[in-house]
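Novice: Dumping the structure here so I can ask a few things about it.
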Amino acid sequence: MKFSSLLIITLCSCCFWASGQKVGLVLSGGGAKGMAHLGVIKALEENGIPIDYIAGTSIGAIVGGLYASGYSVEDMEAIFSNPEFDYWIKGNINDKYIYYFRQEPPNSAWVKFRFAIDSSKFNPLIPVNIITPIQMDFAFVEIFSHADAISKGNFDSLFVPFRCIATNITESKEAVLSKGCLKDAIRASMTFPFYFRPIEIDSCLMYDGGMINNFPIDVMQKDFNPDYIIAVAVAKTNSDPSDENLLSVLNSMLMEKQFYRMNDSLAGIVIRPDVPNLNVTDFTRGRKLIEVGYRTMLDSMHAIPDNLKHLRSADSVNLRRKDFLSRRTDILINKVDAKGVHKNENAAAKNIIFNDAHIIDFNTFKNRYFRLLNEEYISNIYPSLQKNDDDDYYTAKLNISLNKPFQVKFGGYITTNAYTTFYAQLRYDFWKRYFMNVMAEAHFGRFYNSIIGSFRFSNLSRHINDQTITVGYSRWNHFKSTRMFLESDNPSFLINEEVIVNYAVSSPIGNKAKLCANLGFVNNKSKFYTNNAYSQSDTLNVNRVLLLIPKLYYEYNTLDIKFFPTKGMRAYIGACYFVGTEQNRPGSHSSETVNKNYFRNWFTINVEYEYNFKIARFYSLGLSTTFAWSNIPRLSSYTATKLRCTAFRPTHESNMLYLPFYRDPSFITAGLSNSFVLYKNLQLRISGYYYQPFYAIVKVNNDKCDFSRLCEKRSFIVYSSLAYTTKLGPISINLSYYAHNDPKWIFNISFGYLFFNHRIF
C-alpha cells in the first residue's frame, strides 16, 4: 500500500513538473481577519491549483506555517476553534495547568510592584507587553516541533517551502526568515507590538512583520521566483484608529500603511476577501471568515489561467501530506538546557522537569513545564524543542526570565462600618538551588492590627515540598457598634491577641491539592467583659492559653476566584491537637475572684466542602457543607470557651464578626449560594446557610458555661451582596441576617478584601 501511494505521488509530481508551472501563495497580515486565508486555501485545493511555495506575515505566517508543516485546512480550523486558542490570545492559562500548591495564599492586596535594588539606584521596570503569551508559546512547541525535526531547520524542506516576515527592531530592518526554528520564526512574525512579548532570534529582538512588510509579494518573487503568484490581502489599506481601542491605535501608529497590490510585471492575482473590520484578536467569527475567503476565491477562479487548474488533485495533496507526516516520531526528551539562569537554578529547573527520570514523554514534559512556570520568582519561560543530532531524543530548551527579587504589595479593606483596615507586604525572593523567600506583612486599622514575618524554603528535588517558618502578632478589637465612627465611650467588649510561632511542611498531591503538617506554638490572650452591662470603669476578664498545636490537613481547590467563586470545588479535611495551659484573671463581673491556672488538651477535626456549578453563562449555583467535632473541655468562662471553639464563617463578612452563636465544639452546616452575572463584572450573590450543632455551649451563672443537649438549638444565616469586580478588588453592597445575633441585620458598603494573617482562633 505504501509503495502504491508513493508511486502515485511520484507520477503526480512528474506531471506537474512537466507542466513547468510553479505557484506561490502570499498571505498578508491582518489579525483575526486572516481566518479568511483558510477559505482561500480550501478553494485552491478543491480546484487542483498547486501551492508550491508559501510566504506570509503575522496571521499569514501562522496560517502559512501551519500549512507548510503539513496541517490541512480542517486541521487548522480545529486549532483556531479549539477553546484552548482563546487562552493563547488572552494570555490566560487553562485552569488544569495552574498548580495549586504553588499559589500564594489569598491576601488583601490591590496592587503589587516588583523591583531590584543595587548600590546606586532603585530600578522598577515597566512591562513591554499587555498579554503574556505563556500558553501560546508552549502550544507553538506542540504544533511545530515535528515539522522542525523533519526539516532540520531548513524551511525549504517543509511540506511546502516557506518564508515568513518579521521586523528586526534591534537593527531596524526587515527580517526574512527561511531557516532555524520554525516556531520562533512564526512567533516573531505575529508579535504585535506591546500586545505580545517580543522574542530574540540571533540576538536580535523581533516584532510583527507587518511593521515593515505586511504583504510579502517581493519576498515570494525574490526567494522562489514562481510562475504565478496568488496573493491574499485581508488587511485594510487605510484603517482609522478608534480612541476607545488601544489595539487599533497601536496598529495605526506602528504598522506600515501599504497598498495591497501586485507589480504589473508579475503574473498573478490579488484576492481581497470582503472581511469585516475586526479587532486583531477577535477570532469569534472564524467560520464566517473562512466562508468569505472560500467564496471570494471561487468567484476569482475565472481570472486564474486554465493551465494552472487541475494540476494537482486534492487526493494527491493529501497523499503527499500523509507521506510528510509519516516521518514524525514520538517526542521523547532526555535533556534540559535552561538559559537566563545560573548553574544552580538550571539544576533546579531540571529537577522539576525530570524528577529523577532519565527520559520523559511530551505530556509529562508539558505538565512539569507548567509546574515550573507556577514558581512566582519566574516571570516567563520561552520554550522550544530541538532534536538531538546523535540520537532520536529531544532537548528541551528553556529561556527563563526571572522576576525582580523585591515585591511590594498594598491594599486593604475600606468599608462603611468599623472594619476598615489597610495592608502592606514586602517580600524578597531568591533562587539558588532552591526557591526561597522572606516576607513581612502588616495590617493596620482600628479593628485589626497584625505583623507577620515568614521564611519559605522550597525543595524541588524528587519529593517536592515547602517548609515555612512563621512568626507573628495579631490583635482583633470587637465593638458593640459596627458603625464607621465610634463614640469614645464605646470601648471594645472583646480584644483577642495572638502571638504565633509556626513550622509547616507541605507537599503537592497532583496539581490541585496539597498535604500539610504544622507544628505551632500560640500565646492567645483574650480580654472581655463577662456580661453586656459594662462601663469604662470596669475591668476586663483576662484569659490566656499557651498551647502547642500539631496539625495535619489536606486541601483540594479549583475555585476560580477568591471572592464570589462561580465555578470549581474546594475540599478540606484537617485534624489538630491542642495541649498546654490556661491562665485566667477574673474581671469586675466575674464569678471567680482569684487567678487560676489549668492544664488543657483537646482534639479538633474539621471537614469543609464547596462545589460551584456553572448552570448558565449568567448563573452559578454553589453548594457547601461543614462538619466540625471537638472534645474541648469547659474553660474558665463562657466567652473563653467560645473563643477556642471552631467558628462557622461562611461569608467574607462573617469572617470579621464575633458571632458566639456560630461557635460550638461540634456542628454540621449546609449552604446554598446563587450567583447572577448581571453585566460583565457586576455580580449579585444571594446565599443561605443552615447551622446545626450536635452539642452547643450555653451560658450559665452569668459567666460559666455548660454543654446543651444534642441538637437542642439551630440557626441560619442569609447573605446578599451586589459586587462589581475591578482590577484592584470588588466594590460591594452587602446585607446580612444572622439569627440569634445582636444586631441581627448588618448592612455595609465595602471595597477590597480583608484576609487575616496566620490565625489560630
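Chains: A, B, ... in order of the C-alpha cells. Residues: from 1 per chain. Ligands: from 1, in order shown.
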Write out as a short mmCIF file (atom, residue, chain, number, x, y, z; two decimals) with N, CA, C and O atoms, in the first residue's frame the residues lying within 7 Å of Leu385 (chain A), counting only C-alpha atoms and excluding same-chain residues fewer than 4 positions away.
Specialist:
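Once written, out-v1.cif looks like this:
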data_model
loop_
_atom_site.label_atom_id
_atom_site.label_comp_id
_atom_site.auth_asym_id
_atom_site.auth_seq_id
_atom_site.Cartn_x
_atom_site.Cartn_y
_atom_site.Cartn_z
N VAL A 141 5.18 25.11 20.50
CA VAL A 141 6.10 23.98 20.62
C VAL A 141 5.39 22.69 20.20
O VAL A 141 5.93 21.88 19.43
N SER A 145 6.95 21.46 16.51
CA SER A 145 8.21 20.75 16.79
C SER A 145 8.45 19.59 15.83
O SER A 145 9.59 19.32 15.43
N TYR A 394 15.02 14.41 22.18
CA TYR A 394 14.94 15.86 22.06
C TYR A 394 15.56 16.52 23.30
O TYR A 394 15.56 15.94 24.39
N THR A 395 16.04 17.74 23.09
CA THR A 395 16.47 18.60 24.19
C THR A 395 15.45 19.71 24.37
O THR A 395 15.08 20.37 23.40
N ALA A 396 14.98 19.88 25.59
CA ALA A 396 14.06 20.98 25.91
C ALA A 396 14.89 22.21 26.23
O ALA A 396 15.65 22.22 27.20
N LYS A 397 14.75 23.24 25.43
CA LYS A 397 15.46 24.49 25.65
C LYS A 397 14.51 25.48 26.30
O LYS A 397 13.44 25.78 25.74
#
Novice: Listing only residues of region 554-631 of chain A within 12 Å of region 94-99 of chain A, what is the closest atom pair and its distance in Å (to one decimal) for each, using only C-alpha atoms, sorted by chain and residue number ascending, as a tab-separated table?
Specialist:
residue	atom	partner	partner_atom	distance
A:Tyr556	CA	A:Tyr99	CA	11.1
A:Asn557	CA	A:Tyr99	CA	10.0
A:Thr558	CA	A:Asp95	CA	7.8
A:Leu559	CA	A:Asp95	CA	9.5
A:Asp560	CA	A:Asp95	CA	8.2
A:Ile561	CA	A:Asp95	CA	11.4
A:Lys567	CA	A:Asp95	CA	11.0
A:Gly568	CA	A:Asp95	CA	9.8
Novice: Enter the distance from CA of Leu621 (chain A) to CA of Thr566 (chain A), in Å, rounded to one decimal.
Specialist: 7.6 Å
Novice: Choose the residue, out of A:Gly31, A:Tyr53, A:Asp356, A:Ser379, that has the smallest atom-to-atom separation from Ile134 (chain A); count only C-alpha atoms.
Specialist: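 Closest residue, counting only C-alpha atoms: A:Ser379.
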Novice: Assign secondary structure with DSSP using the backbone only, and return the residues of region 79-207 of chain A in alpha helix (DSSP H) as number ranges by chain.
Specialist: A: 79-81, 83-90, 134-151, 182-189
Novice: Can I get the selection written as a short mmCIF file (atom, residue, chain, number, x, y, z; two decimals), in the first residue's frame, with N, CA and C atoms?
Specialist:
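Heads up, here's the output in out_28.cif:
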data_model
loop_
_atom_site.label_atom_id
_atom_site.label_comp_id
_atom_site.auth_asym_id
_atom_site.auth_seq_id
_atom_site.Cartn_x
_atom_site.Cartn_y
_atom_site.Cartn_z
N ILE A 79 -7.73 23.86 15.13
CA ILE A 79 -6.82 24.57 16.03
C ILE A 79 -7.41 25.92 16.43
N PHE A 80 -7.90 26.68 15.44
CA PHE A 80 -8.41 28.02 15.73
C PHE A 80 -9.73 27.99 16.49
N SER A 81 -10.51 26.93 16.34
CA SER A 81 -11.80 26.85 17.02
C SER A 81 -11.71 26.16 18.38
N PRO A 83 -11.18 25.64 22.19
CA PRO A 83 -11.25 26.59 23.33
C PRO A 83 -9.87 27.00 23.85
N GLU A 84 -8.87 26.12 23.67
CA GLU A 84 -7.52 26.47 24.12
C GLU A 84 -6.99 27.72 23.41
N PHE A 85 -7.43 27.90 22.13
CA PHE A 85 -6.94 29.03 21.35
C PHE A 85 -7.26 30.35 22.02
N ASP A 86 -8.40 30.41 22.71
CA ASP A 86 -8.79 31.63 23.42
C ASP A 86 -7.80 31.96 24.53
N TYR A 87 -7.24 30.92 25.16
CA TYR A 87 -6.22 31.14 26.19
C TYR A 87 -4.96 31.77 25.58
N TRP A 88 -4.60 31.33 24.37
CA TRP A 88 -3.40 31.87 23.73
C TRP A 88 -3.54 33.37 23.51
N ILE A 89 -4.70 33.77 22.99
CA ILE A 89 -4.90 35.16 22.60
C ILE A 89 -5.02 36.07 23.81
N LYS A 90 -5.69 35.60 24.86
CA LYS A 90 -5.93 36.44 26.03
C LYS A 90 -4.81 36.37 27.06
N ILE A 134 1.98 32.88 27.57
CA ILE A 134 2.56 31.68 28.15
C ILE A 134 2.05 30.42 27.47
N GLN A 135 0.71 30.31 27.38
CA GLN A 135 0.15 29.09 26.82
C GLN A 135 0.34 29.04 25.31
N MET A 136 0.33 30.18 24.64
CA MET A 136 0.56 30.20 23.20
C MET A 136 1.98 29.73 22.86
N ASP A 137 2.96 30.20 23.63
CA ASP A 137 4.34 29.81 23.36
C ASP A 137 4.52 28.30 23.46
N PHE A 138 3.86 27.70 24.46
CA PHE A 138 4.00 26.25 24.57
C PHE A 138 3.20 25.54 23.49
N ALA A 139 2.03 26.10 23.13
CA ALA A 139 1.22 25.49 22.07
C ALA A 139 2.00 25.46 20.76
N PHE A 140 2.79 26.51 20.49
CA PHE A 140 3.61 26.53 19.27
C PHE A 140 4.65 25.41 19.30
N VAL A 141 5.18 25.11 20.50
CA VAL A 141 6.10 23.98 20.62
C VAL A 141 5.39 22.69 20.20
N GLU A 142 4.19 22.52 20.71
CA GLU A 142 3.42 21.31 20.44
C GLU A 142 3.06 21.19 18.95
N ILE A 143 2.75 22.32 18.32
CA ILE A 143 2.26 22.31 16.95
C ILE A 143 3.38 22.19 15.93
N PHE A 144 4.52 22.84 16.18
CA PHE A 144 5.55 22.97 15.14
C PHE A 144 6.80 22.12 15.35
N SER A 145 6.95 21.46 16.51
CA SER A 145 8.21 20.75 16.79
C SER A 145 8.45 19.59 15.83
N HIS A 146 7.39 18.87 15.44
CA HIS A 146 7.57 17.77 14.49
C HIS A 146 8.10 18.27 13.15
N ALA A 147 7.51 19.36 12.64
CA ALA A 147 7.96 19.91 11.36
C ALA A 147 9.39 20.42 11.46
N ASP A 148 9.74 21.01 12.60
CA ASP A 148 11.12 21.46 12.81
C ASP A 148 12.09 20.28 12.71
N ALA A 149 11.72 19.17 13.34
CA ALA A 149 12.60 18.00 13.34
C ALA A 149 12.73 17.42 11.94
N ILE A 150 11.62 17.37 11.19
CA ILE A 150 11.66 16.81 9.84
C ILE A 150 12.49 17.68 8.91
N SER A 151 12.31 18.99 8.99
CA SER A 151 13.01 19.91 8.07
C SER A 151 14.44 20.19 8.49
N LEU A 182 11.29 26.93 13.27
CA LEU A 182 10.05 27.37 12.63
C LEU A 182 9.13 28.06 13.62
N LYS A 183 9.01 27.48 14.80
CA LYS A 183 8.15 28.07 15.84
C LYS A 183 8.59 29.49 16.16
N ASP A 184 9.89 29.71 16.29
CA ASP A 184 10.39 31.05 16.61
C ASP A 184 10.10 32.04 15.49
N ALA A 185 10.26 31.58 14.25
CA ALA A 185 10.03 32.46 13.11
C ALA A 185 8.57 32.93 13.07
N ILE A 186 7.64 32.01 13.27
CA ILE A 186 6.22 32.36 13.23
C ILE A 186 5.86 33.22 14.43
N ARG A 187 6.38 32.87 15.57
CA ARG A 187 6.12 33.65 16.79
C ARG A 187 6.63 35.08 16.62
N ALA A 188 7.78 35.25 15.98
CA ALA A 188 8.32 36.59 15.74
C ALA A 188 7.43 37.36 14.79
N SER A 189 6.97 36.71 13.74
CA SER A 189 6.19 37.39 12.71
C SER A 189 4.85 37.91 13.22
#
Novice: Just the strand (DSSP E or B) stuff from region 109-304 of chain A, please, per backbone DSSP, written as JSON, numbers by chain.
Specialist: {"A": [109, 110, 111, 112, 113, 114, 115, 116, 117, 122, 123, 124, 154, 162, 163, 164, 165, 166, 167, 168, 173, 174, 175, 176, 177, 179, 199, 200, 201, 204, 205, 206, 207, 208, 228, 229, 230, 231, 232, 268, 269, 270, 271]}
Novice: For Val505 (chain A), list every protein, DNA or RNA residue within 8 Å, evaluated using only C-alpha atoms, and leave out those in the same chain fewer than 5 positions away; present the list as a short mmCIF file (atom, residue, chain, number, x, y, z; two decimals) with N, CA, C and O atoms, in the first residue's frame.
Specialist:
data_model
loop_
_atom_site.label_atom_id
_atom_site.label_comp_id
_atom_site.auth_asym_id
_atom_site.auth_seq_id
_atom_site.Cartn_x
_atom_site.Cartn_y
_atom_site.Cartn_z
N ASN A 465 8.62 19.72 48.31
CA ASN A 465 7.92 20.19 49.50
C ASN A 465 8.31 21.62 49.81
O ASN A 465 9.35 22.11 49.35
N ASP A 466 7.45 22.29 50.54
CA ASP A 466 7.73 23.62 51.08
C ASP A 466 7.89 23.51 52.58
O ASP A 466 7.15 22.77 53.24
N GLN A 467 8.83 24.25 53.11
CA GLN A 467 8.98 24.37 54.55
C GLN A 467 8.91 25.85 54.90
O GLN A 467 9.65 26.65 54.31
N THR A 468 8.01 26.20 55.80
CA THR A 468 7.77 27.61 56.12
C THR A 468 7.81 27.82 57.62
O THR A 468 7.19 27.08 58.39
N CYS A 516 -0.47 19.09 54.25
CA CYS A 516 0.35 19.98 55.07
C CYS A 516 0.38 19.50 56.52
O CYS A 516 -0.64 19.10 57.08
N ALA A 517 1.58 19.53 57.12
CA ALA A 517 1.75 19.22 58.54
C ALA A 517 2.34 20.45 59.23
O ALA A 517 3.33 21.02 58.75
N ASN A 518 1.71 20.87 60.30
CA ASN A 518 2.13 22.06 61.05
C ASN A 518 2.50 21.68 62.48
O ASN A 518 1.90 20.78 63.07
#
